[in-house]
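These notes are about the structure you will find just below.
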Amino acid sequence: MKPMPRVLIVEDEPDIAELIALNLRHHAMETVWAPDGERAQEEINSVLPDLILLDWMLPGQSGAVLAKKWRSHPRTRDVPI
């Protein structure tokens, strides 16, 4: 059996994150939620996702800053954002 694609949802609004996660799970995807950049980085360090859905307006670091950081790192460079 093929493993489900893992999607990291980086979204500070819990209701929005849950709506996205519900739809992705309905399409046989594993979802992980991170409410900010710090938590997202912890998740990425733990298990590299197959896809990152990234909110641009986050507390702390913006989504644009996080995307630039992940694009410049060899481990995350090829993960679709």
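Ordered as shown in the structure tokens, chains take letters A, B, and onward, while each chain numbers its residues from 1 and ligands are numbered from 1 in the order shown.
The list of residues with at least one atom within 10 Å of Glu18 of chain A, based on only C-alpha atoms and without residues fewer than 6 positions apart in the same chain, reads Ile9, Glu11, Leu24, Thr31 and Trp33 of chain A.
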Could you dump the residues just selected with N, CA, C and O atoms as a PDB file, in the first residue's frame?
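Final file, result21.pdb:
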ATOM      1  N   ILE A   9       0.359  22.103   6.920  1.00  0.00           N
ATOM      2  CA  ILE A   9      -0.477  23.304   6.809  1.00  0.00           C
ATOM      3  C   ILE A   9       0.057  24.314   7.809  1.00  0.00           C
ATOM      4  O   ILE A   9      -0.001  24.090   9.024  1.00  0.00           O
ATOM      5  N   GLU A  11      -0.730  27.699   9.152  1.00  0.00           N
ATOM      6  CA  GLU A  11      -1.864  28.631   9.190  1.00  0.00           C
ATOM      7  C   GLU A  11      -2.151  28.986  10.642  1.00  0.00           C
ATOM      8  O   GLU A  11      -2.295  28.093  11.471  1.00  0.00           O
ATOM      9  N   LEU A  24      -8.292  17.879   2.672  1.00  0.00           N
ATOM     10  CA  LEU A  24      -7.137  17.073   2.268  1.00  0.00           C
ATOM     11  C   LEU A  24      -7.266  15.630   2.752  1.00  0.00           C
ATOM     12  O   LEU A  24      -6.945  14.692   2.004  1.00  0.00           O
ATOM     13  N   THR A  31      -2.359  15.076   7.153  1.00  0.00           N
ATOM     14  CA  THR A  31      -2.152  16.502   7.405  1.00  0.00           C
ATOM     15  C   THR A  31      -1.508  16.735   8.764  1.00  0.00           C
ATOM     16  O   THR A  31      -1.749  15.997   9.716  1.00  0.00           O
ATOM     17  N   TRP A  33      -0.622  20.262  11.227  1.00  0.00           N
ATOM     18  CA  TRP A  33      -0.885  21.690  11.333  1.00  0.00           C
ATOM     19  C   TRP A  33       0.172  22.367  12.197  1.00  0.00           C
ATOM     20  O   TRP A  33       0.536  21.865  13.260  1.00  0.00           O
TER      21      TRP A  33
END
Applying 9 Å and only C-alpha atoms, which residues near segment 35-37 of chain A remain after dropping the ones on its own chain fewer than 2 positions away? List them as a PDB file with N, CA, C and O atoms, in the first residue's frame.
ATOM      1  N   ILE A   9       0.359  22.103   6.920  1.00  0.00           N
ATOM      2  CA  ILE A   9      -0.477  23.304   6.809  1.00  0.00           C
ATOM      3  C   ILE A   9       0.057  24.314   7.809  1.00  0.00           C
ATOM      4  O   ILE A   9      -0.001  24.090   9.024  1.00  0.00           O
ATOM      5  N   VAL A  10       0.580  25.424   7.305  1.00  0.00           N
ATOM      6  CA  VAL A  10       1.110  26.480   8.165  1.00  0.00           C
ATOM      7  C   VAL A  10       0.096  27.621   8.117  1.00  0.00           C
ATOM      8  O   VAL A  10       0.037  28.390   7.157  1.00  0.00           O
ATOM      9  N   GLU A  11      -0.730  27.699   9.152  1.00  0.00           N
ATOM     10  CA  GLU A  11      -1.864  28.631   9.190  1.00  0.00           C
ATOM     11  C   GLU A  11      -2.151  28.986  10.642  1.00  0.00           C
ATOM     12  O   GLU A  11      -2.295  28.093  11.471  1.00  0.00           O
ATOM     13  N   ASP A  12      -2.227  30.287  10.928  1.00  0.00           N
ATOM     14  CA  ASP A  12      -2.441  30.712  12.313  1.00  0.00           C
ATOM     15  C   ASP A  12      -3.910  30.721  12.733  1.00  0.00           C
ATOM     16  O   ASP A  12      -4.207  30.823  13.918  1.00  0.00           O
ATOM     17  N   GLU A  13      -4.835  30.580  11.797  1.00  0.00           N
ATOM     18  CA  GLU A  13      -6.259  30.540  12.131  1.00  0.00           C
ATOM     19  C   GLU A  13      -6.710  29.080  12.212  1.00  0.00           C
ATOM     20  O   GLU A  13      -6.788  28.392  11.186  1.00  0.00           O
ATOM     21  N   PRO A  14      -7.013  28.579  13.419  1.00  0.00           N
ATOM     22  CA  PRO A  14      -7.380  27.166  13.579  1.00  0.00           C
ATOM     23  C   PRO A  14      -8.561  26.719  12.722  1.00  0.00           C
ATOM     24  O   PRO A  14      -8.543  25.611  12.183  1.00  0.00           O
ATOM     25  N   ALA A  17      -7.342  26.277   9.148  1.00  0.00           N
ATOM     26  CA  ALA A  17      -6.470  25.100   9.083  1.00  0.00           C
ATOM     27  C   ALA A  17      -7.291  23.816   9.124  1.00  0.00           C
ATOM     28  O   ALA A  17      -7.017  22.870   8.370  1.00  0.00           O
ATOM     29  N   TRP A  33      -0.622  20.262  11.227  1.00  0.00           N
ATOM     30  CA  TRP A  33      -0.885  21.690  11.333  1.00  0.00           C
ATOM     31  C   TRP A  33       0.172  22.367  12.197  1.00  0.00           C
ATOM     32  O   TRP A  33       0.536  21.865  13.260  1.00  0.00           O
ATOM     33  N   ARG A  39       6.864  26.433  14.877  1.00  0.00           N
ATOM     34  CA  ARG A  39       6.283  25.082  14.929  1.00  0.00           C
ATOM     35  C   ARG A  39       6.424  24.380  13.581  1.00  0.00           C
ATOM     36  O   ARG A  39       6.696  23.175  13.520  1.00  0.00           O
ATOM     37  N   ALA A  40       6.259  25.127  12.486  1.00  0.00           N
ATOM     38  CA  ALA A  40       6.425  24.544  11.152  1.00  0.00           C
ATOM     39  C   ALA A  40       7.841  23.999  10.985  1.00  0.00           C
ATOM     40  O   ALA A  40       8.032  22.892  10.469  1.00  0.00           O
ATOM     41  N   GLN A  41       8.832  24.757  11.448  1.00  0.00           N
ATOM     42  CA  GLN A  41      10.218  24.307  11.334  1.00  0.00           C
ATOM     43  C   GLN A  41      10.447  23.040  12.154  1.00  0.00           C
ATOM     44  O   GLN A  41      11.150  22.129  11.714  1.00  0.00           O
ATOM     45  N   GLU A  42       9.832  22.966  13.328  1.00  0.00           N
ATOM     46  CA  GLU A  42       9.938  21.757  14.151  1.00  0.00           C
ATOM     47  C   GLU A  42       9.368  20.549  13.410  1.00  0.00           C
ATOM     48  O   GLU A  42       9.956  19.467  13.434  1.00  0.00           O
ATOM     49  N   LEU A  58       1.587  35.482   8.969  1.00  0.00           N
ATOM     50  CA  LEU A  58       1.704  34.674  10.178  1.00  0.00           C
ATOM     51  C   LEU A  58       2.295  35.504  11.302  1.00  0.00           C
ATOM     52  O   LEU A  58       3.011  36.480  11.040  1.00  0.00           O
ATOM     53  N   PRO A  59       2.035  35.113  12.548  1.00  0.00           N
ATOM     54  CA  PRO A  59       2.702  35.792  13.661  1.00  0.00           C
ATOM     55  C   PRO A  59       4.197  35.463  13.635  1.00  0.00           C
ATOM     56  O   PRO A  59       4.588  34.360  13.246  1.00  0.00           O
ATOM     57  N   GLY A  60       5.025  36.399  13.989  1.00  0.00           N
ATOM     58  CA  GLY A  60       6.477  36.171  13.951  1.00  0.00           C
ATOM     59  C   GLY A  60       6.978  36.356  12.541  1.00  0.00           C
ATOM     60  O   GLY A  60       6.825  37.409  11.948  1.00  0.00           O
ATOM     61  N   GLN A  61       7.545  35.319  11.972  1.00  0.00           N
ATOM     62  CA  GLN A  61       8.046  35.378  10.600  1.00  0.00           C
ATOM     63  C   GLN A  61       6.903  35.248   9.597  1.00  0.00           C
ATOM     64  O   GLN A  61       6.016  34.431   9.769  1.00  0.00           O
ATOM     65  N   SER A  62       6.947  36.052   8.529  1.00  0.00           N
ATOM     66  CA  SER A  62       5.917  35.968   7.494  1.00  0.00           C
ATOM     67  C   SER A  62       6.137  34.706   6.658  1.00  0.00           C
ATOM     68  O   SER A  62       7.228  34.127   6.629  1.00  0.00           O
ATOM     69  N   GLY A  63       5.092  34.324   5.959  1.00  0.00           N
ATOM     70  CA  GLY A  63       5.199  33.178   5.072  1.00  0.00           C
ATOM     71  C   GLY A  63       6.240  33.390   3.985  1.00  0.00           C
ATOM     72  O   GLY A  63       6.923  32.451   3.577  1.00  0.00           O
ATOM     73  N   LEU A  66       9.623  32.625   5.443  1.00  0.00           N
ATOM     74  CA  LEU A  66       9.772  31.179   5.623  1.00  0.00           C
ATOM     75  C   LEU A  66      10.005  30.480   4.289  1.00  0.00           C
ATOM     76  O   LEU A  66      10.869  29.609   4.182  1.00  0.00           O
TER      77      LEU A  66
END
Polymer residues at most 9 Å from Leu48 of chain A, only C-alpha atoms, same-chain spacing of 2 or more positions, as a PyMOL selection string: chain A and resi 6+8+43-46+50-51+75-76+79
Can I get the selected residues back with N, CA and C atoms, as a CSV table (one decimal), in the first residue's frame?
chain,number,residue,atom,x,y,z
A,6,ARG,N,2.1,13.5,2.8
A,6,ARG,CA,2.0,14.3,4.0
A,6,ARG,C,2.0,15.8,3.7
A,8,LEU,N,2.0,19.7,5.2
A,8,LEU,CA,2.1,20.6,6.3
A,8,LEU,C,1.3,21.8,6.1
A,43,GLU,N,8.2,20.7,12.8
A,43,GLU,CA,7.6,19.6,12.0
A,43,GLU,C,8.5,19.2,10.8
A,44,ILE,N,9.0,20.2,10.1
A,44,ILE,CA,9.9,19.9,9.0
A,44,ILE,C,11.2,19.2,9.5
A,45,ASN,N,11.7,19.6,10.6
A,45,ASN,CA,12.9,18.9,11.1
A,45,ASN,C,12.6,17.5,11.5
A,46,SER,N,11.4,17.2,12.0
A,46,SER,CA,11.0,15.9,12.4
A,46,SER,C,10.7,15.0,11.2
A,50,ASP,N,5.5,16.2,2.1
A,50,ASP,CA,5.5,16.2,0.6
A,50,ASP,C,5.1,17.5,0.0
A,51,LEU,N,4.4,18.3,0.8
A,51,LEU,CA,3.8,19.6,0.3
A,51,LEU,C,3.7,20.5,1.5
A,75,ARG,N,17.7,20.6,2.1
A,75,ARG,CA,16.8,19.5,2.5
A,75,ARG,C,15.3,19.9,2.1
A,76,THR,N,15.0,21.2,2.1
A,76,THR,CA,13.6,21.6,1.8
A,76,THR,C,13.4,22.3,0.4
A,79,VAL,N,10.7,20.8,-1.9
A,79,VAL,CA,9.4,20.5,-1.4
A,79,VAL,C,8.5,21.6,-2.0
Among listed residues A:Ala21, A:Met29, A:Ile81, A:Ser72, nearest Trp56 of chain A (using only C-alpha atoms): A:Ile81
Nearest candidate to Ala34 of chain A (options A:Met1, A:Leu53, A:Ala67, A:His73; using only C-alpha atoms):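 Going through A:Met1, A:Leu53, A:Ala67, A:His73 one by one, the smallest distance to Ala34 of chain A is for A:Leu53.
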Which of chain A fall in alpha helix (DSSP H), as a ChimeraX atom specification: /A:14-26,37-46,63-72
Selected residue, from A:Ala28, A:Met4, A:Leu54, A:Val47, that lies nearest to Lys68 of chain A when counting only C-alpha atoms: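 Selected residue with least distance to Lys68 of chain A: A:Leu54.
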Expected answer as a list in words: strand (DSSP E or B) residues in chain A: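 These are the residues in question: Arg6, Val7, Leu8, Ile9, Val10, Glu30, Thr31, Val32, Trp33, Ala34, Leu51, Ile52, Leu53 and Leu54 of chain A.
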Store the residues picked out above in a file with N, CA, C and O atoms, as a compact mmCIF listing (two decimals), in the first residue's frame.
# COMPACT_ATOMS: atom_id res chain seq x y z
N ARG A 6 2.06 13.52 2.79
CA ARG A 6 2.03 14.30 4.03
C ARG A 6 2.04 15.79 3.67
O ARG A 6 2.94 16.26 2.98
N VAL A 7 1.04 16.52 4.16
CA VAL A 7 0.90 17.94 3.87
C VAL A 7 1.03 18.73 5.16
O VAL A 7 0.28 18.48 6.12
N LEU A 8 1.96 19.67 5.18
CA LEU A 8 2.12 20.56 6.33
C LEU A 8 1.32 21.83 6.06
O LEU A 8 1.57 22.53 5.07
N ILE A 9 0.36 22.10 6.92
CA ILE A 9 -0.48 23.30 6.81
C ILE A 9 0.06 24.31 7.81
O ILE A 9 0.00 24.09 9.02
N VAL A 10 0.58 25.42 7.30
CA VAL A 10 1.11 26.48 8.16
C VAL A 10 0.10 27.62 8.12
O VAL A 10 0.04 28.39 7.16
N GLU A 30 -2.35 12.82 4.49
CA GLU A 30 -2.06 13.01 5.90
C GLU A 30 -1.77 14.49 6.12
O GLU A 30 -1.02 15.10 5.36
N THR A 31 -2.36 15.08 7.15
CA THR A 31 -2.15 16.50 7.40
C THR A 31 -1.51 16.74 8.76
O THR A 31 -1.75 16.00 9.72
N VAL A 32 -0.67 17.77 8.81
CA VAL A 32 -0.05 18.23 10.04
C VAL A 32 -0.24 19.74 10.06
O VAL A 32 -0.02 20.41 9.04
N TRP A 33 -0.62 20.26 11.23
CA TRP A 33 -0.89 21.69 11.33
C TRP A 33 0.17 22.37 12.20
O TRP A 33 0.54 21.87 13.26
N ALA A 34 0.64 23.51 11.71
CA ALA A 34 1.56 24.35 12.48
C ALA A 34 1.00 25.77 12.47
O ALA A 34 0.76 26.34 11.40
N LEU A 51 4.36 18.31 0.77
CA LEU A 51 3.82 19.59 0.32
C LEU A 51 3.66 20.49 1.53
O LEU A 51 3.31 20.02 2.62
N ILE A 52 3.89 21.79 1.33
CA ILE A 52 3.66 22.78 2.40
C ILE A 52 2.64 23.79 1.89
O ILE A 52 2.83 24.40 0.85
N LEU A 53 1.54 23.93 2.63
CA LEU A 53 0.56 24.99 2.35
C LEU A 53 0.85 26.10 3.35
O LEU A 53 0.73 25.89 4.56
N LEU A 54 1.25 27.25 2.85
CA LEU A 54 1.82 28.30 3.69
C LEU A 54 1.03 29.60 3.62
O LEU A 54 0.91 30.20 2.55
d(atom CA of Pro3 of chain A, atom CA of His26 of chain A) in Å: 14.9 Å
